[in-house]
Each structure stands twice: as C-alpha cells, then as structure tokens.
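One structure below.
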Amino acid sequence: MPPTRRSGPRRGIFRPSLESQIGLSERLGAYWVLQLDSLKASFGRICETPIASLLTILVVAIALALPASFHALIQNARQPIEALETTSQISLFLKPELGNEVGRKVAEQLRQRPGIGGATLVSKEDGLKELTAYSGFGEALEALKDNPLPVVVIVQPARTDADAVAALLAELRHLPEADKVQFDSEWLEKLRSLLAIAQRSTLAFSVLLGFGVLFIVGNTIRLELQNRREEIAVAKLLGATNHFIRRPFVHAGFWYALLGAVLAWMLANLLVLGVRAPVNQLAELYGSSYRLAFMGLADTVVLLGSAVLLGVTGAWIVVAYFLLEIEPE
C-alpha cells in the first residue's frame with residue numbers, strides 16, 4: 001500500500017517559516033518588552049535587600065557627587081570670567097598734577113586713533129565717588145581735604161589679540177601725560193590659568209572616581225553571582241544561554257548606577273544651594289546681578305549617561321568573567 005500523504009502546512013522552501021512571517025517591528029516590540037520585564041525584575045530584586053542596595057547606591061553617589069560638585073562650581077566660576085573677558089580695557093592714569101581738562105583733551109585725541117575703539121574719561125571727582133561707594137572707607141575718604149586721585153582715561157582696544165594689545169600698551173606708555181598704564185585683563189590671564197588647572201584636576205579626579213564606580217558596581221554584582229552560583233549552574237544545565245543569564249545582572253548594574261547618579265545630582269545641587277546665598281550677597285555688594293546656577297540639562301545628561309555606562313560595563317565584565325569560570329556539574 002502506498003504511504004499516505006499528510007495534509008497540513010509544510011515548512012521548507014515552498015512555505016515560509018513562522019519566524020520569517022513575523023515582522024521586524026513585532027520582533028523589536030517583543031525585544032523591548034523582554035528588556036522592560038527584566039528591568040522590573042532586577043529592580044524588585046534590589047528592593048528585596050534594601051540595606052545592602054542602599055549602601056551600594058550611597059557609595060556610588062558619593063563617588064559621582066564629588067566631581068559633579070567641582071564641575072558645577074567651576075562652570076559657575078567660568079561665567080563671570082567670560083563676561084569680564086568681553087570688557088577688557090586699559091586704564092591710563094595721568095600724572096597727578098594734571099586736571100580734568102587735560103584728561104578730556106587726551107580722551108578726544110585717543111578716540112581718533114585707529115587702534116582704539118573708545119576712550120572714556122573718569123574725572124577725579126567721579127573716581128573719588130566710586131572709591132567711596134565700593135571701598136568701604138567712605139568716612140575716611142570724606143575726611144580728606146584734597147582729592148588724591150588722578151584723572152583716568154579708560155581705553156577700549158579695537159582689537160583684543162595679544163600683539164595688538166601689546167602695541168597699544170607701548171604706545172600709551174610713551175604719552176607725555178601718562179603716569180601709569182594698566183591692562184585690566186592681565187589678572188584675568190592668571191585667573192584663567194588657575195581655572196584651567198582646576199578643570200583638568202577635576203577631569204583627572206572624575207576619571208579615577210569613574211573607575212571606582214565601575215569597581216563598586218562590579219564587586220556588588222560579583223557577590224550576587226556567588227550567592228546565585230548554584231542557580232546559574234542549573235540554568236546552564238537546562239540550556240540557558242549566557243545572554244539570558246547575563247541580562248538581569250547587567251540590569252542590576254544599570255539600576256545601581258542610575259540611582260547613584262540621581263542621588264549624586266541631588267547632592268551636587270545641594271552644595272550649590274548651600275553656597276548660593278553668600279555668593280549672591282557678595283555679588284550684590286559689588287553691584288552685580290550674577291547668580292549661581294544649578295547643574296544644567298547637558299551636565300545632568302552627561303552625569304546620568306556616564307554613570308549608567310560605567311555601571312553596565314562593570315556588571316557586564318564581571319558576569320562575562322564569571323560565566324567563563326563556572327562549569328555546571
């Protein structure tokens with residue numbers, strides 16, 4: 001008797017398989033659903049050990065908060081320096097015996113020169129008023145019989161490059177009325193150098209503490225792997241892939257790093273808030289509208305992103321090394 005032919009769908013070259021019938025969007029959707037379920041499960045496992053998890057998160061937060069706080073303070077210090085750079089000017093002090101009328105003539109002559117963008121006269125009376133208002137020695141200055149201040153001409157260079165400013169300084173020093181010439185941005189160069197040193201030190205400090213975050217998360221995941229060693233061995237005996245085993249531990253590293261970064265962001269902003277009031281009061285004494293700013297959106301994204309990258313990387317390396325060693329019995 002000839003064999004009977006089975007009816008029903010056949011897989012092969014004549015009929016596409018079930019996997020090929022599933023679209024890319026459905027597979028991506030299933031992948032993200034699986035990732036979200038694993039993230040929820042990992043967060044629940046972290047909550048099962050609140051004390052140990054909180055200690056790990058606190059250590060990560062402290063390691064991230066230190067460079068984040070320094071960076072926030074440096075960024076706040078950079079703002080007034082950049083504002084002062086745009087107002088670089090030269091102070092031309094005339095000889096003490098010269099009066100305001102001579103200062104007006106000198107200012108008019110300087111305005112006509114091609115390398116000068118502007119020249120403003122500060123009379124002896126205006127200089128004394130400004131000194132009385134901002135020096136804090138108002139009563140002592142009012143007791144003086146004569147005004148000891150010289151006439152000052154504030155010169156704004158048309159070009160702010162080093163060669164042009166140096167040539168203009170040399171030209172102003174040779175004026176017969178000049179007693180002293182001071183470039184007001186010379187001290188800014190020193191301040192910028194100190195700021196650059198602080199910024200590079202903060203970067204090096206951030207790299208070192210970043211490795212610390214990686215080791216902290218990695219060590220926490222290593223302890224959890226040791227506690228679940230038998231469970232992992234059984235899972236490998238049942239055919240579980242390394243990717244399947246690795247997923248919850250990598251997601252746990254994600255949660256440790258993310259929660260620690262959020263706490264570090266809060267600590268850094270609390271530090272800025274703590275020094276904001278005295279800094280604002282100091283700015284008001286100098287007649288400035290400068291205010292300390294909290295960490296911006298870009299800095300926050302960098303902090304959270306770098307922390308998550310370190311946490312996930314540390315967890316992945318530890319799990320990969322652990323899976324190479326473990327052998328199911």
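Order determines the names: the first chain of the structure tokens is A, the second B, and so forth; residues in each chain are numbered 1 upward, and ligands are numbered 1 upward as they are shown.
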Near Lys105 (chain A), within 12 Å and counting only C-alpha atoms, which residues show up once chain neighbours fewer than 4 positions away are dropped, as a short mmCIF file (atom, residue, chain, number, x, y, z; two decimals) with C-alpha atoms, in the first residue's frame?
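Below is the file part05.cif, written as the result:
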data_model
loop_
_atom_site.label_atom_id
_atom_site.label_comp_id
_atom_site.auth_asym_id
_atom_site.auth_seq_id
_atom_site.Cartn_x
_atom_site.Cartn_y
_atom_site.Cartn_z
CA LEU A 94 47.51 110.61 34.06
CA LEU A 98 47.12 117.15 35.53
CA GLY A 99 43.47 118.19 35.79
CA ASN A 100 40.21 117.09 34.23
CA GLU A 101 40.55 119.45 31.24
CA GLN A 109 42.88 112.51 20.89
CA LEU A 110 42.74 108.80 21.72
CA ARG A 111 39.27 108.39 20.17
CA GLN A 112 40.68 109.49 16.82
CA ALA A 119 38.07 106.31 25.35
CA THR A 120 36.09 107.32 28.45
CA LEU A 121 37.19 109.98 30.93
CA VAL A 151 42.47 111.55 36.20
CA VAL A 153 41.12 107.55 30.83
CA GLU A 177 50.67 112.83 30.08
#
Close residues, region 207-211 of chain A itself excluded, 8 Å, only C-alpha atoms, min 2 positions apart in chain, as a PyMOL selection string: chain A and resi 63-64+67+203-205+213-215+307+310
From a DSSP pass on the backbone, collect the residues of region 156-281 of chain A flagged as helix (DSSP H, G or I) and hand them back as number ranges by chain. A: 162-173, 186-227, 229-237, 242-281
Who sits within 12 Å of His243 (chain A), only C-alpha atoms, same chain under 3 positions skipped, as a PyMOL selection string: chain A and resi 35+235-236+239-240+246-250+316+319-320+323
Just N, CA and C atoms for this one: save the residues we selected as a PDB file, in the first residue's frame.
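Saved result, again-v2.pdb, follows:
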ATOM      1  N   GLN A  35      13.098  43.313  27.664  1.00  0.00           N
ATOM      2  CA  GLN A  35      14.042  44.139  28.412  1.00  0.00           C
ATOM      3  C   GLN A  35      13.352  44.861  29.577  1.00  0.00           C
ATOM      4  N   ALA A 235      20.672  26.538  35.618  1.00  0.00           N
ATOM      5  CA  ALA A 235      20.141  27.174  34.412  1.00  0.00           C
ATOM      6  C   ALA A 235      20.971  26.818  33.189  1.00  0.00           C
ATOM      7  N   LYS A 236      22.285  26.722  33.342  1.00  0.00           N
ATOM      8  CA  LYS A 236      23.124  26.331  32.220  1.00  0.00           C
ATOM      9  C   LYS A 236      22.911  24.873  31.847  1.00  0.00           C
ATOM     10  N   GLY A 239      20.064  24.526  29.580  1.00  0.00           N
ATOM     11  CA  GLY A 239      20.224  25.098  28.252  1.00  0.00           C
ATOM     12  C   GLY A 239      20.130  26.602  28.178  1.00  0.00           C
ATOM     13  N   ALA A 240      20.185  27.290  29.310  1.00  0.00           N
ATOM     14  CA  ALA A 240      20.115  28.748  29.282  1.00  0.00           C
ATOM     15  C   ALA A 240      21.385  29.324  28.652  1.00  0.00           C
ATOM     16  N   ARG A 246      23.090  36.642  31.705  1.00  0.00           N
ATOM     17  CA  ARG A 246      23.741  37.921  31.936  1.00  0.00           C
ATOM     18  C   ARG A 246      22.747  39.066  32.088  1.00  0.00           C
ATOM     19  N   ARG A 247      21.589  38.983  31.422  1.00  0.00           N
ATOM     20  CA  ARG A 247      20.676  40.109  31.341  1.00  0.00           C
ATOM     21  C   ARG A 247      20.268  40.681  32.697  1.00  0.00           C
ATOM     22  N   PRO A 248      19.772  39.897  33.666  1.00  0.00           N
ATOM     23  CA  PRO A 248      19.321  40.504  34.926  1.00  0.00           C
ATOM     24  C   PRO A 248      20.443  41.150  35.725  1.00  0.00           C
ATOM     25  N   PHE A 249      21.663  40.618  35.629  1.00  0.00           N
ATOM     26  CA  PHE A 249      22.770  41.201  36.384  1.00  0.00           C
ATOM     27  C   PHE A 249      23.217  42.523  35.754  1.00  0.00           C
ATOM     28  N   VAL A 250      23.218  42.591  34.433  1.00  0.00           N
ATOM     29  CA  VAL A 250      23.546  43.855  33.763  1.00  0.00           C
ATOM     30  C   VAL A 250      22.502  44.916  34.093  1.00  0.00           C
ATOM     31  N   TRP A 316      28.740  43.893  33.205  1.00  0.00           N
ATOM     32  CA  TRP A 316      28.935  43.004  32.054  1.00  0.00           C
ATOM     33  C   TRP A 316      30.286  42.299  32.143  1.00  0.00           C
ATOM     34  N   VAL A 319      30.164  39.575  34.962  1.00  0.00           N
ATOM     35  CA  VAL A 319      29.344  38.416  34.591  1.00  0.00           C
ATOM     36  C   VAL A 319      30.029  37.604  33.502  1.00  0.00           C
ATOM     37  N   ALA A 320      30.640  38.279  32.531  1.00  0.00           N
ATOM     38  CA  ALA A 320      31.323  37.552  31.460  1.00  0.00           C
ATOM     39  C   ALA A 320      32.476  36.724  32.008  1.00  0.00           C
ATOM     40  N   LEU A 323      31.005  33.701  33.953  1.00  0.00           N
ATOM     41  CA  LEU A 323      30.462  32.653  33.105  1.00  0.00           C
ATOM     42  C   LEU A 323      31.550  31.838  32.436  1.00  0.00           C
TER      43      LEU A 323
END
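If you look at CA of Gly212 (chain A) and CA of Ala52 (chain A), they are 17.7 Å away from each other.
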Quick one: everything within 12 Å of region 36-48 of chain A, counting only C-alpha atoms, minus sequence neighbours fewer than 2 positions away in the same chain. Send it as a PDB file with C-alpha atoms, in the first residue's frame.
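Output (out.pdb):
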ATOM      1  CA  GLY A  29       8.500  45.166  20.242  1.00  0.00           C
ATOM      2  CA  ALA A  30       8.955  41.734  21.817  1.00  0.00           C
ATOM      3  CA  TYR A  31      12.620  42.524  22.498  1.00  0.00           C
ATOM      4  CA  TRP A  32      11.825  45.749  24.330  1.00  0.00           C
ATOM      5  CA  VAL A  33       9.030  44.099  26.296  1.00  0.00           C
ATOM      6  CA  LEU A  34      11.535  41.455  27.397  1.00  0.00           C
ATOM      7  CA  PRO A  50      17.229  47.377  50.873  1.00  0.00           C
ATOM      8  CA  ILE A  51      20.125  47.907  53.298  1.00  0.00           C
ATOM      9  CA  ALA A  52      22.839  46.348  51.113  1.00  0.00           C
ATOM     10  CA  SER A  53      21.456  48.010  47.991  1.00  0.00           C
ATOM     11  CA  LEU A  54      21.222  51.398  49.706  1.00  0.00           C
ATOM     12  CA  LEU A  55      24.832  51.188  50.852  1.00  0.00           C
ATOM     13  CA  THR A  56      25.993  50.449  47.316  1.00  0.00           C
ATOM     14  CA  ILE A  57      23.910  53.306  45.911  1.00  0.00           C
ATOM     15  CA  THR A 220      28.344  44.119  44.129  1.00  0.00           C
ATOM     16  CA  ILE A 221      27.361  42.057  41.093  1.00  0.00           C
ATOM     17  CA  GLU A 224      25.301  38.417  43.897  1.00  0.00           C
ATOM     18  CA  PHE A 244      19.872  35.036  29.162  1.00  0.00           C
ATOM     19  CA  ILE A 245      21.888  34.640  32.374  1.00  0.00           C
ATOM     20  CA  ARG A 246      23.741  37.921  31.936  1.00  0.00           C
ATOM     21  CA  ARG A 247      20.676  40.109  31.341  1.00  0.00           C
ATOM     22  CA  PRO A 248      19.321  40.504  34.926  1.00  0.00           C
ATOM     23  CA  PHE A 249      22.770  41.201  36.384  1.00  0.00           C
ATOM     24  CA  VAL A 250      23.546  43.855  33.763  1.00  0.00           C
ATOM     25  CA  HIS A 251      20.183  45.464  34.507  1.00  0.00           C
ATOM     26  CA  ALA A 252      21.009  45.399  38.211  1.00  0.00           C
ATOM     27  CA  GLY A 253      24.211  47.308  37.441  1.00  0.00           C
ATOM     28  CA  PHE A 254      22.096  49.756  35.461  1.00  0.00           C
ATOM     29  CA  TRP A 255      19.852  50.423  38.484  1.00  0.00           C
ATOM     30  CA  TYR A 256      22.757  50.791  40.930  1.00  0.00           C
ATOM     31  CA  LEU A 258      21.319  55.245  37.730  1.00  0.00           C
ATOM     32  CA  LEU A 259      20.037  55.602  41.292  1.00  0.00           C
TER      33      LEU A 259
END
Test item: residues at most 7 Å from region 157-174 of chain A, only C-alpha atoms, excluding those fewer than 3 positions along its chain, as a PyMOL selection string: chain A and resi 89+115-117+178+181
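For the atom pair formed by CA of Leu273 (chain A) and CA of Ser201 (chain A), the distance is 23.2 Å, given to one decimal.
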Taking the chain letters and numbering used in this document, name the residues of region 136-297 of chain A that DSSP puts in strand (DSSP E), as a ChimeraX atom specification. /A:152-157,178-183
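Shortest atom-to-atom contact with Ser69 (chain A) among A:Gly296, A:Lys124, A:Val272, A:Glu284: A:Val272, counting only C-alpha atoms.
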Spatial neighbours of Gln79 (chain A), 12 Å, only C-alpha atoms, chain gap at least 6 places, as an MDAnalysis selection string: chainID A and resid 72:73 85:86 192 195 289:293
Nearest-residue call for Glu108 (chain A), choices A:Ile74, A:Leu28, A:Ala277, A:Val155, using only C-alpha atoms: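 Selected residue with least distance to Glu108 (chain A): A:Val155.
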